[in-house]
2 protein chains.
Amino acid sequence: MVERLAESATEGGGKVSIVDCDIHNAVPSPESLKPYLSTRWQEHQEMIGPRYRHGFTQGDPYPRGNPNAARLDAWPPSGLPPGSDLAFMREQLLDALDIEYGILNCLDKVGEQLNEEYAAALARAVNDWQIAEWLEKEPRLRASIVVPYENADFAAAEIERVSDHPGFVQILLLVRTREPLGRRKYWRMYEAAQQYGLPVGIHFGGMGGNPITSSGWPSYYIEDHTTMSQAFQSQVISLVSEGVLERFPDLRVVMIEGGFAWLPPLMWRLDKHWKRLRDEVPHLKRLPSEYVKEHIWLTTQPMEEPTNPKHLLQVIEHLGSEEKLMFSTDYPHWDYDDPNRAFPIRLPPDLKQKIFSENAHALYRFEAGE
Amino acid sequence: MVERLAESATEGGGKVSIVDCDIHNAVPSPESLKPYLSTRWQEHQEMIGPRYRHGFTQGDPYPRGNPNAARLDAWPPSGLPPGSDLAFMREQLLDALDIEYGILNCLDKVGEQLNEEYAAALARAVNDWQIAEWLEKEPRLRASIVVPYENADFAAAEIERVSDHPGFVQILLLVRTREPLGRRKYWRMYEAAQQYGLPVGIHFGGMGGNPITSSGWPSYYIEDHTTMSQAFQSQVISLVSEGVLERFPDLRVVMIEGGFAWLPPLMWRLDKHWKRLRDEVPHLKRLPSEYVKEHIWLTTQPMEEPTNPKHLLQVIEHLGSEEKLMFSTDYPHWDYDDPNRAFPIRLPPDLKQKIFSENAHALYRFEAGE
């Protein structure tokens with residue numbers, strides 16, 4: 001506080017009127033503005049609300065009309081938030097749909113903390129909590145190790161710390177990282193993943209600091225959500241081009257909640273360019289698509305829904321492998337896929353078996369950990 | 001220059017030794033470092049050379065092993081740069097391949113100038129030069145109007161200024177713009193495009209200021225080049241989501257040198273999200289894919305080359321229209337497509353006719369301008 005000077009504006013013979021040129025009045029809550037908004041924008045505020053330039057994960061998850069980005073029926077009677085009540089998850093998901101194994105991907109944003117030591121501490125806490133509250137209590141569940149992935153040394157240390165727990169079957173990152181995931185700063189983490197035989201799961205979301213398009217921030221949430229598949233495309237291109245999949249030949253990577261129909265055109269484009277530009281990336285010994293087909297898995301939700309459902313089977317054929325696609329619900333989120341209704345077309349029985357079960361069994365080796 | 005003081009460091013009784021803590025020595029040319037680089041990096045320097053964070057178009061075009069990004073045989077005997085000598089272009093392209101009409105897309109970066117008035121002046125100069133040196137001299141050529149597209153008022157003025165010349169059949173932008181192209185700052189330009197019946201061509205390249213991936217800058221040129229198709233994806237999503245294609249019902253947009261196989265999965269994803277999130281974008285009256293199929297054209301180069309060439313016909317079927325794909329060579333650039341070898345599979349005759357000629361005739365209405 002400034003020491004009071006002898007001269008005062010409001011006292012004494014030299015009293016003057018005062019103009020204050022900066023006072024901050026506050027909107028007490030978004031609801032206060034409701035009477036001043038047209039119905040159109042009242043509805044928008046309820047469904048979407050504010051979005052800022054750095055905002056995909058800054059504020060509430062979207063859409064706001066589904067709080068916590070959850071199905072409206074996924075709020076447990078206990079009053080806990082969706083996805084946090086094991087008993088209710090058993091009832092609503094595991095029992096109701098007769099799930100043999102389910103992979104928990106806890107989206108707590110430990111990897112995005114700017115203080116990396118705090119990120120590491122949070123990761124340890126989340127993983128120990130997962131062991132105590134989930135893995136030890138429910139044999140059908142497996143979990144991904146949450147890691148402070150922007151510091152690969154810290155991430156590797158956390159992988160090493162908990163990898164001997166048989167409930168952990170994967171390492172979890174969010175797709176919008178600070179740098180493309182093929183870059184060297186992340187390699188120590190892949191080395192640990194390979195050493196402990198754990199796939200690296202890359203999930204929808206995150207906020208690395210750059211806009212989601214190369215032309216900056218889009219206006220609408222539907223654009224964020226649709227464009228997210230491009231964040232996955234960039235990561236596949238980076239992991240291949242940097243030679244991560246050559247240098248870590250046992251590394252397995254899972255693209256989670258990013259779709260899959262974009263992958264064939266990406267492989268074709270990358271193969272074509274590699275034929276002309278391979279001298280730039282002499283660490284690649286094979287066609288880019290061969291690395292992709294060998295090392296990259298994908299989950300099904302949100303299911304691709306071609307205008308003509310028959311095209312879905314063609315796209316799966318274009319993937320060049322039936323072994324890499326794995327079913328997921330995204331429970332408890334609003335755009336959840338029900339296993340009985342997810343596919344817009346009847347799958348051949350062999351393919352169905354692979355997508356719903358066999359491919360995940362082969363990747364995660366559930367029995368080995370029991 | 002600082003006035004010389006009475007005290008001097010190098011003279012008189014108080015003479016002292018001098019330490020200068022900042023002197024800049026200069027590498028006279030990249031070649032000077034050649035003896036100090038291993039063969040591996042000498043070759044890299046010749047083919048790719050320096051790439052910086054903001055670099056896709058900052059320095060030389062890539063790959064450097066193809067100066068001016070051109071085919072090595074595209075340098076005319078006149079000594080002019082590739083693509084700048086009409087006589088040689090006639091001989092090497094128009095005559096040699098019996099081209100009926102060719103669209104000039106001059107990539108001079110007028111739209112990227114930070115000084116918008118200078119950008120507008122450059123656009124006028126390039127367009128007048130195109131009229132004088134190209135359109136008036138060669139009846140097989142048509143051209144795109146170069147515009148200062150980051151200022152839509154200036155762009156609209158330039159469109160209005162030259163649109164009565166029958167040689168101009170399109171407006172040209174580069175795909176990496178400052179903001180997503182659906183945003184309002186560009187609408188005045190679309191209004192002019194619609195008013196004068198000119199398609200908006202969006203071409204590979206540009207540098208709007210953001211990295212090409214949402215996780216920042218990739219290490220390799222092959223990544224820039226492969227990722228560029230995602231810049232196109234973002235622009236389609238933006239043009240649809242912002243309602244540009246609803247508000248300007250006669251607007252026609254051409255994606256040039258961005259590929260096309262990524263479009264079906266994008267339409268499927270956007271349609272699916274729109275079914276859940278349509279309240280956010282009430283200005284859209286139809287399925288997103290319907291706007292795309294009606295308003296978006298695509299050129300073929302660089303041709304998509306599926307591992308199994310038969311899949312190319314399936315992808316064209318997935319586009320939902322045979323009327324929107326148009327052949328292009330990208331002459332004189334290094335990754336040029338020869339019309340006799342571009343397609344990896346034999347096309348049905350009707351489809352071939354459409355892609356090589358009819359679709360462009362329908363879009364550009366060449367005869368109308370003669």
# chains A, B, ... in the order shown; residues from 1 in each chain; ligands from 1
>>> calpha_fit_rmsd(fixed="chain A", moving="chain B")
0.1 Å
>>> interface_residues(of="chain B", to="chain A", cutoff="8 Å", atoms="only C-alpha atoms", output="ChimeraX atom specification")
/B:44,47-48,176-181,183,208-223,225-227,230-231,233-234,237-238,241-242,261-262,264-266,268-270,272-274,277,279-281,304-307,311,314,318
>>> select_by_dssp(residues="range 197-326 of chain B", states="helix (DSSP H, G or I)", output="VMD selection string")
chain B and resid 221 to 241 244 to 247 263 to 280 288 to 295 310 to 318
